[in-house]
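Asks: As input, take input_6.csv (CSV, C-alpha atoms):
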```csv
chain,number,residue,atom,x,y,z
A,13,MET,CA,-19.9,4.9,-10.0
A,14,SER,CA,-19.4,8.3,-8.4
A,15,THR,CA,-17.0,10.5,-10.2
A,16,HIS,CA,-15.7,12.0,-7.0
A,17,ALA,CA,-14.1,9.9,-4.3
A,18,ASP,CA,-11.2,10.7,-2.0
A,19,ALA,CA,-8.0,8.6,-2.2
A,20,ASN,CA,-8.8,6.8,1.1
A,21,ALA,CA,-12.1,5.5,-0.5
A,22,LEU,CA,-10.3,4.6,-3.7
A,23,LEU,CA,-7.7,2.5,-1.8
A,24,ALA,CA,-10.5,0.8,0.2
A,25,GLU,CA,-12.0,-0.4,-3.1
A,26,ILE,CA,-8.9,-2.4,-4.1
A,27,GLU,CA,-7.9,-3.7,-0.6
A,28,GLY,CA,-9.3,-7.2,-1.6
A,29,ILE,CA,-7.4,-7.5,-4.9
A,30,GLY,CA,-4.3,-9.6,-4.9
A,31,VAL,CA,-4.4,-10.6,-1.2
A,32,ASP,CA,-1.6,-13.1,-0.5
A,33,HIS,CA,-2.9,-15.5,2.1
A,34,ASP,CA,0.5,-17.3,2.4
A,35,ARG,CA,2.9,-14.3,2.7
A,36,GLY,CA,0.4,-11.7,4.1
A,37,GLY,CA,-0.1,-8.4,2.3
A,38,TYR,CA,-0.5,-8.3,-1.5
A,39,SER,CA,1.2,-10.0,-4.4
A,40,ARG,CA,0.4,-8.2,-7.7
A,41,PRO,CA,3.0,-9.1,-10.3
A,42,VAL,CA,2.8,-7.6,-13.7
A,43,PHE,CA,0.3,-9.4,-16.1
A,44,SER,CA,-1.1,-11.4,-13.2
A,45,PRO,CA,-4.9,-11.5,-12.7
A,46,ALA,CA,-4.6,-9.1,-9.8
A,47,GLU,CA,-2.6,-6.6,-11.7
A,48,LEU,CA,-4.9,-6.8,-14.7
A,49,GLU,CA,-7.9,-6.3,-12.4
A,50,LEU,CA,-6.3,-3.2,-10.9
A,51,ARG,CA,-5.7,-1.8,-14.4
A,52,ARG,CA,-9.4,-2.3,-15.2
A,53,TRP,CA,-10.3,-0.6,-11.9
A,54,PHE,CA,-8.1,2.4,-12.9
A,55,GLU,CA,-9.6,2.6,-16.4
A,56,SER,CA,-13.1,2.5,-15.0
A,57,HIS,CA,-12.4,5.4,-12.6
A,58,ALA,CA,-10.5,7.4,-15.2
A,59,THR,CA,-13.3,7.0,-17.8
A,60,ALA,CA,-15.9,7.9,-15.2
A,61,ARG,CA,-14.1,11.2,-14.8
A,62,GLY,CA,-14.2,11.9,-18.5
A,63,LEU,CA,-10.5,11.2,-19.0
A,64,ASN,CA,-9.4,9.7,-22.3
A,65,VAL,CA,-7.7,6.4,-21.6
A,66,GLU,CA,-5.1,4.8,-23.9
A,67,THR,CA,-2.5,2.1,-23.5
A,68,ASP,CA,0.8,2.6,-25.3
A,69,GLY,CA,3.1,0.0,-26.8
A,70,ASN,CA,4.9,-0.5,-23.5
A,71,GLY,CA,1.7,-1.3,-21.6
A,72,ILE,CA,1.7,2.1,-19.8
A,73,LEU,CA,-1.8,3.4,-19.2
A,74,TRP,CA,-2.4,7.1,-19.9
A,75,ALA,CA,-5.6,8.9,-18.8
A,76,TRP,CA,-5.8,12.3,-20.4
A,77,TRP,CA,-7.5,15.5,-19.3
A,78,ASP,CA,-7.2,17.3,-22.7
A,79,VAL,CA,-7.4,21.0,-23.2
A,80,PRO,CA,-10.2,22.0,-25.5
A,81,ASP,CA,-9.1,23.3,-29.0
A,82,ALA,CA,-5.4,22.7,-28.1
A,83,GLY,CA,-4.9,20.6,-31.1
A,84,ASP,CA,-2.2,18.3,-29.5
A,85,ARG,CA,-0.9,17.2,-26.2
A,86,ARG,CA,2.4,19.1,-26.2
A,87,GLY,CA,3.6,20.6,-22.9
A,88,ALA,CA,1.7,18.0,-20.9
A,89,ILE,CA,2.0,17.6,-17.1
A,90,VAL,CA,1.9,13.9,-16.0
A,91,THR,CA,1.3,12.4,-12.6
A,92,GLY,CA,0.7,8.8,-11.4
A,93,SER,CA,2.6,5.8,-10.3
A,94,HIS,CA,2.3,1.9,-10.5
A,95,LEU,CA,-0.1,-0.8,-9.4
A,96,ASP,CA,2.1,-3.9,-9.3
A,97,SER,CA,3.7,-5.0,-6.0
A,98,VAL,CA,6.5,-7.0,-4.5
A,99,PRO,CA,5.6,-10.4,-3.1
A,100,GLY,CA,3.7,-9.9,0.1
A,101,GLY,CA,3.8,-6.1,-0.2
A,102,GLY,CA,1.5,-3.4,1.2
A,103,ASN,CA,-1.5,-1.6,-0.4
A,104,PHE,CA,0.2,1.8,-0.6
A,105,ASP,CA,3.5,1.4,-2.5
A,106,GLY,CA,2.3,2.4,-6.0
A,107,PRO,CA,-1.5,2.5,-5.6
A,108,LEU,CA,-1.3,5.5,-3.3
A,109,GLY,CA,0.1,7.5,-6.1
A,110,VAL,CA,-2.5,6.3,-8.6
A,111,ALA,CA,-5.4,6.9,-6.2
A,112,SER,CA,-4.1,10.3,-5.2
A,113,ALA,CA,-3.8,11.3,-8.8
A,114,LEU,CA,-7.4,10.4,-9.5
A,115,ALA,CA,-8.5,12.2,-6.4
A,116,ALA,CA,-6.4,15.3,-7.3
A,117,VAL,CA,-8.3,15.5,-10.6
A,118,ASP,CA,-11.5,15.7,-8.5
A,119,VAL,CA,-9.9,18.5,-6.4
A,120,LEU,CA,-8.9,20.5,-9.4
A,121,ARG,CA,-12.3,20.3,-10.9
A,122,ASP,CA,-13.9,21.2,-7.5
A,123,ARG,CA,-11.7,24.3,-7.5
A,124,GLY,CA,-12.8,25.2,-11.0
A,125,ILE,CA,-9.3,25.0,-12.4
A,126,GLU,CA,-9.1,25.3,-16.2
A,127,PRO,CA,-5.8,23.9,-17.3
A,128,VAL,CA,-3.9,25.7,-20.1
A,129,ARG,CA,-2.0,22.5,-20.9
A,130,PRO,CA,-3.0,18.8,-20.9
A,131,LEU,CA,-2.8,16.6,-17.8
A,132,ALA,CA,-2.3,12.8,-17.9
A,133,VAL,CA,-2.5,10.3,-15.1
A,134,ALA,CA,-0.1,7.4,-15.9
A,135,VAL,CA,0.2,3.9,-14.6
A,136,PHE,CA,3.5,2.2,-15.2
A,137,PRO,CA,3.8,-1.6,-15.3
A,138,GLU,CA,6.4,-3.8,-13.6
A,139,GLU,CA,7.8,-1.0,-11.4
A,140,GLU,CA,8.9,-3.4,-8.8
A,141,GLY,CA,10.5,-5.9,-11.1
A,142,SER,CA,9.2,-8.7,-9.0
A,143,ARG,CA,8.3,-10.9,-12.0
A,144,PHE,CA,11.0,-10.3,-14.6
A,145,GLY,CA,13.8,-8.9,-12.5
A,146,ILE,CA,14.2,-5.4,-13.8
A,147,ALA,CA,12.7,-2.6,-11.7
A,148,CYS,CA,10.8,0.2,-13.4
A,149,LEU,CA,10.6,-1.8,-16.6
A,150,GLY,CA,7.8,0.2,-18.2
A,151,SER,CA,9.5,3.5,-17.7
A,152,ARG,CA,12.9,2.1,-18.7
A,153,LEU,CA,11.3,0.9,-22.0
A,154,LEU,CA,9.7,4.3,-22.6
A,155,ALA,CA,12.9,6.1,-21.9
A,156,GLY,CA,15.0,3.8,-24.1
A,157,ALA,CA,17.0,2.7,-21.0
A,158,VAL,CA,16.7,-1.1,-21.7
A,159,ASP,CA,17.0,-3.2,-24.9
A,160,PRO,CA,13.5,-4.4,-26.0
A,161,ASP,CA,15.0,-7.7,-27.3
A,162,ARG,CA,16.5,-8.3,-23.9
A,163,VAL,CA,13.1,-7.6,-22.3
A,164,ARG,CA,11.2,-9.9,-24.6
A,165,ALA,CA,13.6,-12.8,-23.6
A,166,LEU,CA,13.3,-12.2,-19.8
A,167,THR,CA,11.8,-15.1,-17.9
A,168,ASP,CA,9.9,-15.4,-14.6
A,169,GLU,CA,10.4,-18.1,-12.0
A,170,SER,CA,8.3,-20.5,-14.0
A,171,GLY,CA,10.3,-20.0,-17.1
A,172,ARG,CA,7.6,-18.0,-18.8
A,173,SER,CA,9.1,-15.3,-21.1
A,174,PHE,CA,8.0,-11.6,-20.9
A,175,ALA,CA,7.0,-11.9,-24.6
A,176,ASP,CA,4.7,-14.9,-23.9
A,177,ALA,CA,3.3,-13.4,-20.6
A,178,ALA,CA,2.6,-10.1,-22.3
A,179,SER,CA,0.8,-11.8,-25.2
A,180,ASP,CA,-1.3,-13.9,-22.9
A,181,ALA,CA,-2.4,-10.7,-21.1
A,182,GLY,CA,-3.4,-9.0,-24.4
A,183,PHE,CA,-0.3,-6.9,-25.1
A,184,ASP,CA,1.9,-7.0,-28.2
A,185,PRO,CA,5.5,-7.5,-27.1
A,186,SER,CA,6.8,-6.7,-30.6
A,187,ILE,CA,6.1,-3.0,-30.2
A,188,ILE,CA,7.8,-2.3,-26.9
A,189,GLY,CA,10.6,0.2,-26.8
A,190,ALA,CA,11.6,3.9,-26.6
A,191,ASP,CA,9.0,6.5,-27.4
A,192,ALA,CA,10.8,9.8,-28.1
A,193,ASP,CA,7.7,11.5,-29.5
A,194,ARG,CA,5.6,10.8,-26.4
A,195,LEU,CA,8.4,12.0,-24.1
A,196,ALA,CA,8.9,15.2,-26.2
A,197,GLY,CA,5.4,16.1,-25.4
A,198,ILE,CA,5.8,15.9,-21.6
A,199,ALA,CA,6.8,19.1,-19.8
A,200,ALA,CA,7.1,17.5,-16.3
A,201,PHE,CA,6.2,14.3,-14.4
A,202,VAL,CA,5.4,14.5,-10.7
A,203,GLU,CA,5.0,11.2,-8.8
A,204,LEU,CA,3.4,10.9,-5.4
A,205,HIS,CA,4.5,7.9,-3.3
A,206,VAL,CA,4.2,6.6,0.2
A,207,GLU,CA,7.5,7.3,2.0
A,208,GLN,CA,9.7,4.2,2.4
A,209,GLY,CA,11.5,5.2,5.5
A,210,ARG,CA,11.2,7.3,8.7
A,211,GLY,CA,12.1,10.8,7.4
A,212,LEU,CA,8.7,12.3,7.8
A,213,ILE,CA,8.1,10.5,11.1
A,214,ASP,CA,11.2,12.1,12.6
A,215,LEU,CA,10.3,15.5,11.2
A,216,ASP,CA,6.6,15.2,12.2
A,217,GLN,CA,5.5,16.3,8.8
A,218,PRO,CA,2.8,14.8,6.5
A,219,VAL,CA,4.4,15.5,3.1
A,220,ALA,CA,7.9,15.9,1.7
A,221,LEU,CA,9.6,16.7,-1.6
A,222,ALA,CA,12.1,14.4,-3.1
A,223,GLY,CA,15.8,15.5,-3.3
A,224,ALA,CA,17.6,12.5,-4.7
A,225,ILE,CA,17.4,8.7,-5.2
A,226,ILE,CA,20.6,6.9,-4.1
A,227,ALA,CA,22.4,4.7,-6.6
A,228,HIS,CA,21.2,1.1,-6.6
A,229,GLY,CA,21.4,-2.1,-8.6
A,230,ARG,CA,20.5,-5.8,-8.7
A,231,TRP,CA,22.8,-8.7,-9.4
A,232,HIS,CA,22.0,-12.3,-10.0
A,233,VAL,CA,24.5,-14.8,-8.5
A,234,ARG,CA,24.4,-18.4,-9.9
A,235,ILE,CA,26.4,-21.0,-8.1
A,236,GLU,CA,26.7,-24.4,-9.6
A,237,GLY,CA,28.0,-27.4,-7.7
A,238,ARG,CA,27.3,-31.2,-7.7
A,239,GLY,CA,24.0,-32.6,-6.4
A,240,ASP,CA,24.4,-35.7,-4.2
A,241,HIS,CA,23.0,-37.7,-1.3
A,242,ALA,CA,23.0,-36.0,2.1
A,243,GLY,CA,23.8,-39.1,3.9
A,244,ALA,CA,26.1,-41.0,1.6
A,245,THR,CA,28.4,-38.2,0.6
A,246,ARG,CA,31.4,-37.4,2.9
A,247,MET,CA,31.8,-33.7,3.8
A,248,ALA,CA,35.3,-33.7,2.2
A,249,ASP,CA,33.9,-35.0,-1.1
A,250,ARG,CA,31.1,-32.3,-1.5
A,251,GLN,CA,30.8,-29.5,-4.0
A,252,ASP,CA,28.0,-27.8,-2.2
A,253,PRO,CA,26.7,-24.5,-3.7
A,254,VAL,CA,24.8,-23.7,-0.5
A,255,VAL,CA,28.0,-23.3,1.4
A,256,VAL,CA,29.2,-20.8,-1.2
A,257,ALA,CA,25.8,-19.0,-1.1
A,258,ALA,CA,26.1,-18.7,2.7
A,259,GLU,CA,29.5,-17.1,2.3
A,260,THR,CA,28.1,-14.6,-0.3
A,261,ILE,CA,25.3,-13.6,2.0
A,262,ARG,CA,27.7,-13.2,5.0
A,263,SER,CA,30.2,-11.3,2.8
A,264,LEU,CA,27.5,-8.9,1.5
A,265,ARG,CA,26.5,-8.0,5.1
A,266,VAL,CA,30.2,-7.5,6.2
A,267,HIS,CA,31.2,-5.3,3.3
A,268,THR,CA,28.0,-3.2,3.5
A,269,LEU,CA,28.3,-2.6,7.2
A,270,VAL,CA,31.7,-0.9,6.8
A,271,VAL,CA,30.4,1.6,4.3
A,272,ASP,CA,28.4,4.4,6.1
A,273,ASP,CA,24.8,4.4,5.1
A,274,ALA,CA,25.1,1.6,2.5
A,275,ARG,CA,22.4,-1.0,2.1
A,276,GLY,CA,22.9,-4.6,1.0
A,277,THR,CA,20.2,-7.2,0.8
A,278,VAL,CA,19.7,-10.8,-0.3
A,279,GLY,CA,16.0,-11.2,-0.3
A,280,ARG,CA,15.6,-14.1,-2.7
A,281,VAL,CA,17.4,-17.5,-2.8
A,282,LYS,CA,16.5,-20.5,-5.0
A,283,VAL,CA,18.0,-23.8,-4.1
A,284,THR,CA,17.8,-26.6,-6.7
A,285,PRO,CA,16.5,-29.3,-6.3
A,286,GLY,CA,15.5,-28.2,-2.8
A,287,GLY,CA,15.2,-31.5,-1.0
A,288,THR,CA,15.9,-31.7,2.7
A,289,ASN,CA,18.1,-34.8,2.3
A,290,VAL,CA,19.7,-33.6,-1.0
A,291,ILE,CA,23.0,-31.7,-1.5
A,292,ALA,CA,22.0,-29.0,-3.9
A,293,SER,CA,23.2,-28.9,-7.5
A,294,SER,CA,22.8,-25.1,-7.8
A,295,VAL,CA,21.8,-22.0,-6.0
A,296,ASP,CA,20.5,-18.8,-7.4
A,297,LEU,CA,20.4,-15.7,-5.3
A,298,TRP,CA,19.9,-12.0,-6.0
A,299,MET,CA,21.8,-9.1,-4.4
A,300,ASP,CA,20.4,-5.6,-4.0
A,301,VAL,CA,23.0,-2.9,-3.2
A,302,ARG,CA,22.5,0.8,-2.6
A,303,HIS,CA,24.5,3.9,-1.6
A,304,HIS,CA,24.7,7.6,-2.5
A,305,SER,CA,28.0,6.9,-4.2
A,306,GLU,CA,27.9,4.8,-7.4
A,307,GLU,CA,31.5,3.9,-6.8
A,308,ALA,CA,30.7,2.6,-3.3
A,309,VAL,CA,28.0,0.3,-4.8
A,310,ARG,CA,30.4,-1.0,-7.4
A,311,ARG,CA,33.1,-1.6,-4.8
A,312,ILE,CA,30.8,-3.5,-2.5
A,313,VAL,CA,29.6,-5.8,-5.3
A,314,SER,CA,33.2,-6.3,-6.5
A,315,GLU,CA,34.4,-7.3,-3.0
A,316,VAL,CA,31.5,-9.7,-2.5
A,317,THR,CA,32.0,-11.2,-5.9
A,318,ALA,CA,35.7,-11.8,-5.2
A,319,GLY,CA,34.9,-13.5,-1.9
A,320,THR,CA,32.2,-15.6,-3.6
A,321,GLU,CA,34.7,-16.7,-6.2
A,322,ARG,CA,37.3,-17.7,-3.6
A,323,ALA,CA,34.6,-19.7,-1.7
A,324,ALA,CA,33.6,-21.4,-4.9
A,325,ASP,CA,37.1,-22.4,-5.8
A,326,ALA,CA,37.6,-23.9,-2.3
A,327,GLU,CA,34.3,-25.8,-2.6
A,328,GLY,CA,34.8,-26.9,-6.3
A,329,CYS,CA,31.8,-24.8,-7.6
A,330,VAL,CA,31.4,-22.4,-10.4
A,331,VAL,CA,30.0,-18.9,-10.0
A,332,THR,CA,28.4,-16.5,-12.5
A,333,VAL,CA,27.5,-13.0,-11.5
A,334,THR,CA,25.2,-11.0,-13.8
A,335,GLU,CA,24.1,-7.4,-13.4
A,336,GLN,CA,20.4,-7.3,-14.0
A,337,SER,CA,19.9,-3.5,-13.6
A,338,PHE,CA,21.7,-0.5,-12.3
A,339,SER,CA,20.5,3.0,-11.6
A,340,PRO,CA,23.0,5.8,-10.8
A,341,THR,CA,22.2,8.4,-8.2
A,342,VAL,CA,19.3,10.6,-9.4
A,343,SER,CA,19.0,14.2,-8.4
A,344,PHE,CA,15.5,15.4,-9.3
A,345,ASP,CA,15.1,18.5,-11.6
A,346,PRO,CA,16.1,21.5,-9.4
A,347,ALA,CA,14.0,24.0,-11.3
A,348,LEU,CA,10.9,21.8,-11.0
A,349,ARG,CA,11.6,21.2,-7.3
A,350,ASP,CA,11.9,25.0,-6.8
A,351,ARG,CA,8.5,25.4,-8.4
A,352,MET,CA,7.1,22.7,-6.2
A,353,GLN,CA,8.7,24.2,-3.1
A,354,SER,CA,7.2,27.6,-3.9
A,355,VAL,CA,3.8,26.0,-3.7
A,356,LEU,CA,4.7,23.8,-0.6
A,357,PRO,CA,7.1,26.0,1.3
A,358,HIS,CA,6.9,24.0,4.5
A,359,ALA,CA,7.6,20.6,3.0
A,360,PRO,CA,11.0,19.2,3.8
A,361,VAL,CA,13.3,17.8,1.1
A,362,LEU,CA,14.2,14.2,1.6
A,363,ASP,CA,16.5,11.8,-0.3
A,364,THR,CA,15.3,8.2,-0.6
A,365,GLY,CA,16.9,4.8,-1.0
A,366,ALA,CA,14.0,3.4,-3.0
A,367,GLY,CA,13.8,3.5,-6.8
A,368,HIS,CA,10.9,4.9,-8.7
A,369,ASP,CA,9.7,5.5,-12.3
A,370,ALA,CA,10.3,9.2,-11.7
A,371,GLY,CA,13.9,8.4,-11.1
A,372,VAL,CA,14.2,6.6,-14.4
A,373,LEU,CA,12.4,9.3,-16.3
A,374,ALA,CA,14.6,12.0,-14.7
A,375,ALA,CA,17.2,11.3,-17.4
A,376,VAL,CA,14.9,12.4,-20.2
A,377,ILE,CA,12.3,14.8,-18.8
A,378,PRO,CA,12.0,17.0,-15.7
A,379,THR,CA,10.6,15.0,-12.8
A,380,GLY,CA,9.8,15.5,-9.2
A,381,MET,CA,8.3,13.5,-6.3
A,382,LEU,CA,6.1,14.0,-3.3
A,383,PHE,CA,6.3,11.6,-0.3
A,384,VAL,CA,3.5,10.9,2.1
A,385,ARG,CA,4.2,10.0,5.7
A,386,ASN,CA,4.3,6.3,6.6
A,387,PRO,CA,3.6,5.9,10.3
A,388,THR,CA,5.5,2.6,10.6
A,389,GLY,CA,8.4,3.6,8.3
A,390,ALA,CA,8.1,0.1,6.8
A,391,SER,CA,7.7,-0.7,3.2
A,392,HIS,CA,7.6,-3.8,0.9
A,393,THR,CA,5.7,-5.4,3.8
A,394,PRO,CA,2.1,-5.6,5.0
A,395,ALA,CA,3.2,-3.2,7.8
A,396,GLU,CA,3.4,-0.4,5.3
A,397,THR,CA,0.6,2.2,5.8
A,398,ALA,CA,-0.4,5.8,5.6
A,399,GLY,CA,-2.9,7.6,7.8
A,400,PRO,CA,-6.2,9.0,6.3
A,401,GLU,CA,-5.4,12.6,7.2
A,402,ASP,CA,-1.9,12.3,5.7
A,403,ILE,CA,-3.3,10.7,2.5
A,404,THR,CA,-5.7,13.7,2.2
A,405,ALA,CA,-2.8,16.1,2.8
A,406,GLY,CA,-0.9,14.4,0.1
A,407,VAL,CA,-3.8,14.7,-2.4
A,408,ASP,CA,-4.1,18.4,-1.5
A,409,ALA,CA,-0.3,18.9,-1.9
A,410,LEU,CA,-0.4,17.2,-5.3
A,411,ALA,CA,-3.4,19.2,-6.4
A,412,ASP,CA,-1.6,22.4,-5.4
A,413,VAL,CA,1.4,21.5,-7.4
A,414,LEU,CA,-0.6,20.4,-10.4
A,415,THR,CA,-2.6,23.7,-10.3
A,416,HIS,CA,0.6,25.6,-10.4
A,417,LEU,CA,2.0,23.6,-13.3
A,418,LEU,CA,-1.2,23.4,-15.3
A,419,THR,CA,-2.1,27.1,-15.3
A,420,ARG,CA,1.3,28.7,-16.1
```
Now, as a test, write the supplied structure out as structure tokens.

Replies:
Amino acid sequence: MSTHADANALLAEIEGIGVDHDRGGYSRPVFSPAELELRRWFESHATARGLNVETDGNGILWAWWDVPDAGDRRGAIVTGSHLDSVPGGGNFDGPLGVASALAAVDVLRDRGIEPVRPLAVAVFPEEEGSRFGIACLGSRLLAGAVDPDRVRALTDESGRSFADAASDAGFDPSIIGADADRLAGIAAFVELHVEQGRGLIDLDQPVALAGAIIAHGRWHVRIEGRGDHAGATRMADRQDPVVVAAETIRSLRVHTLVVDDARGTVGRVKVTPGGTNVIASSVDLWMDVRHHSEEAVRRIVSEVTAGTERAADAEGCVVTVTEQSFSPTVSFDPALRDRMQSVLPHAPVLDTGAGHDAGVLAAVIPTGMLFVRNPTGASHTPAETAGPEDITAGVDALADVLTHLLTR
């Protein structure tokens, strides 16, 4: 294997891994064969570059460029992203940051850079939360932002627990949790990511710096009714949870539209038992709500919940709403952003509505982000993309930032 490849070539190597022939795009949930294959791909490339690879107790991969005779890894600079995906996602959300980090290591070495502090390329598991429902799960565990016992008990759609799935994949779920010592050794984390929106398209720029991540959360809504026969049960006698679910979805859209720049989504609905000629016994759906104002997010969810409960009472159903995760508005470290902007003076600063591991880690260490232009503006879909020249520009921008941080 060559030890020098640009990010475009690296991404081309993995374009056949985790292809979803039903949905289109890629489905790479955590601990799946596709995600594990991608982890091996990363380890292979990191090892070929002479990086020292380790996996911590939370399943986070760390590939270290150590400083000779330093004695420890204090004051480290970390970059990287994730390799898992949403169902039917693109090949750039996550992998672009990982491939660009590996390529940036090549650029630094080509430039003859001799770091005075360690560099690590990190790969965080379950960033999307597509299997166990909590986004940025690896970074949340690292930062102590989620209870390990709760995580071990999480289940996927098949009923498989996180603990069992982790064990099957070769990880020890008994040791997950906060790692204060590791965090204390990190001076800064810089994540490169494909832009999930149209900011750079409208500005005609290839690369941007992150300003803030807007507040966002996920809520599980369970509606329980009474299953029955679609033909033998009169409309007046029904306790149909699908009717209540429909009101929830409608209500979320109504209450989100009246709040400027809010976003509300129901992207997943599970009807049980799911027969065409069967009145459902239960419906599970998941709401995703986002806005710059945390109070606005909470208010939207409260209004939708109240409407759902009224609809459930009228239909004779029972509703349970559970908050799965919530991330307040994150403003990235201003001192780090100033340093990044001194290196990239022409890069605009953009806020984002998408969550990231860098956003979670911002509560405990200085973090920053770079965004690379996405010509379609679409993400979490096969339409997500990035142009070869913009990808190269992103690698160069990351290498410039890392050079600044590693040599001072």

Asks: Between A:Asn289, A:Ser314, A:Ser112, A:Thr332, which is the closest to A:Val384 once you count all atoms listed in the file?

Replies: A:Ser112

Asks: Of the candidates A:Ala178, A:Ala405, A:Ala19, A:Leu73, which shows the shortest atom-to-atom distance to A:Ala220, using all atoms listed in the file?

Replies: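 For A:Ala220, the nearest of the given residues is A:Ala405.
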
Asks: Report, in Å with one decimal, the straight-line distance from atom CA of A:Ser186 to atom CA of A:Asp78.

Replies: 28.9 Å

Asks: Work out how far atom CA of A:Val206 is from atom CA of A:Leu108, in Å to one decimal.

Replies: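 Interatomic distance, atom CA of A:Leu108 to atom CA of A:Val206: 6.6 Å.
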
Asks: Would you mind reading off the distance between atom CA of A:Ala390 and atom CA of A:Ser337, one decimal, in Å?

Replies: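 Separating atom CA of A:Ala390 from atom CA of A:Ser337 is a distance of 23.8 Å.
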
Asks: What's around A:Gly150 at 8 Å? Count only C-alpha atoms, leave out sequence neighbours fewer than 5 positions away in its own chain, and write the answer as a list in words.

Replies: Asn70, Gly71, Ile72, Phe136, Pro137, Glu138 and Glu139 of chain A

Asks: Which of these, A:Thr320, A:Thr260, A:Thr379, A:Gln251, has the shortest distance to A:Pro346 once you count all atoms listed in the file?

Replies: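 When distances to A:Pro346 are compared using all atoms listed in the file, the smallest one comes from A:Thr379.
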
Asks: Using only C-alpha atoms, pick whichever of A:Gly28, A:Gly62, A:Pro127, A:Pro357 has the shortest atom-to-atom distance to A:Leu221.

Replies: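 Smallest separation from A:Leu221 among the options: A:Pro357.
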
Asks: Would you mind telling me which residue in A:Val301, A:Ile225, A:Leu131, A:Ala60 lies nearest to A:Pro340 when using only C-alpha atoms?

Replies: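 The answer is A:Ile225, which sits nearest to A:Pro340.
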
Asks: Tell me which protein, DNA and RNA residues are within 9 Å of A:Val313, counting only C-alpha atoms, leaving out same-chain ones fewer than 5 positions away, and put them as a list in words.

Replies: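 So the residues in contact are Trp231, Leu264, His267, Met299, Val301, Ala308 and Ala318 of chain A.
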
Asks: So that I can see what lies close to stretch 34-40 of chain A, please list as a PyMOL selection string the residues with an atom at most 10 Å from it, counting only C-alpha atoms and leaving out residues fewer than 3 positions away in the same chain.

Replies: chain A and resi 27-31+43-50+95-103+138+140+142-143+392-396

Asks: With C-alpha atoms retained, write the just-selected residues as a CSV table (one decimal), keeping the file's coordinate frame.

Replies:
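part-v7.csv was written with the following content:
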```
chain,number,residue,atom,x,y,z
A,27,GLU,CA,-7.9,-3.7,-0.6
A,28,GLY,CA,-9.3,-7.2,-1.6
A,29,ILE,CA,-7.4,-7.5,-4.9
A,30,GLY,CA,-4.3,-9.6,-4.9
A,31,VAL,CA,-4.4,-10.6,-1.2
A,43,PHE,CA,0.3,-9.4,-16.1
A,44,SER,CA,-1.1,-11.4,-13.2
A,45,PRO,CA,-4.9,-11.5,-12.7
A,46,ALA,CA,-4.6,-9.1,-9.8
A,47,GLU,CA,-2.6,-6.6,-11.7
A,48,LEU,CA,-4.9,-6.8,-14.7
A,49,GLU,CA,-7.9,-6.3,-12.4
A,50,LEU,CA,-6.3,-3.2,-10.9
A,95,LEU,CA,-0.1,-0.8,-9.4
A,96,ASP,CA,2.1,-3.9,-9.3
A,97,SER,CA,3.7,-5.0,-6.0
A,98,VAL,CA,6.5,-7.0,-4.5
A,99,PRO,CA,5.6,-10.4,-3.1
A,100,GLY,CA,3.7,-9.9,0.1
A,101,GLY,CA,3.8,-6.1,-0.2
A,102,GLY,CA,1.5,-3.4,1.2
A,103,ASN,CA,-1.5,-1.6,-0.4
A,138,GLU,CA,6.4,-3.8,-13.6
A,140,GLU,CA,8.9,-3.4,-8.8
A,142,SER,CA,9.2,-8.7,-9.0
A,143,ARG,CA,8.3,-10.9,-12.0
A,392,HIS,CA,7.6,-3.8,0.9
A,393,THR,CA,5.7,-5.4,3.8
A,394,PRO,CA,2.1,-5.6,5.0
A,395,ALA,CA,3.2,-3.2,7.8
A,396,GLU,CA,3.4,-0.4,5.3
```

Asks: Pick the closest to A:Val128 from A:Ala88, A:Ile146, A:Leu154, A:Leu63: which is it, counting all atoms listed in the file?

Replies: A:Ala88

Asks: Using all atoms listed in the file, determine which residues lie at most 12 Å from A:Ala132, disregarding the query and same-chain residues fewer than 6 positions distant; provide the list as a count of residues only.

Replies: 38

Asks: What lies within 10 Å of A:Val163 using only C-alpha atoms, ignoring chain neighbours under 2 positions off, as number ranges by chain?

Replies: A: 144-146, 149, 153, 158-161, 165-167, 173-175, 185, 188-189

Asks: Once you count only C-alpha atoms, what closest atom pair and distance in Å to one decimal does each residue of stretch 249-278 of chain A within 12 Å of stretch 361-376 of chain A have, with rows by chain and rising residue number, as JSON lines?

Replies:
```
{"residue": "A:Asp273", "atom": "CA", "partner": "A:Gly365", "partner_atom": "CA", "distance": 10.0}
{"residue": "A:Ala274", "atom": "CA", "partner": "A:Gly365", "partner_atom": "CA", "distance": 9.5}
{"residue": "A:Arg275", "atom": "CA", "partner": "A:Gly365", "partner_atom": "CA", "distance": 8.6}
{"residue": "A:Gly276", "atom": "CA", "partner": "A:Gly365", "partner_atom": "CA", "distance": 11.3}
```

Asks: Next, the residues of the selection above should be written as an mmCIF file, keeping the file's coordinate frame with C-alpha atoms.

Replies:
```cif
data_model
loop_
_atom_site.group_PDB
_atom_site.id
_atom_site.type_symbol
_atom_site.label_atom_id
_atom_site.label_comp_id
_atom_site.auth_asym_id
_atom_site.auth_seq_id
_atom_site.Cartn_x
_atom_site.Cartn_y
_atom_site.Cartn_z
ATOM 1 C CA ASP A 273 24.800 4.400 5.100
ATOM 2 C CA ALA A 274 25.100 1.600 2.500
ATOM 3 C CA ARG A 275 22.400 -1.000 2.100
ATOM 4 C CA GLY A 276 22.900 -4.600 1.000
#
```
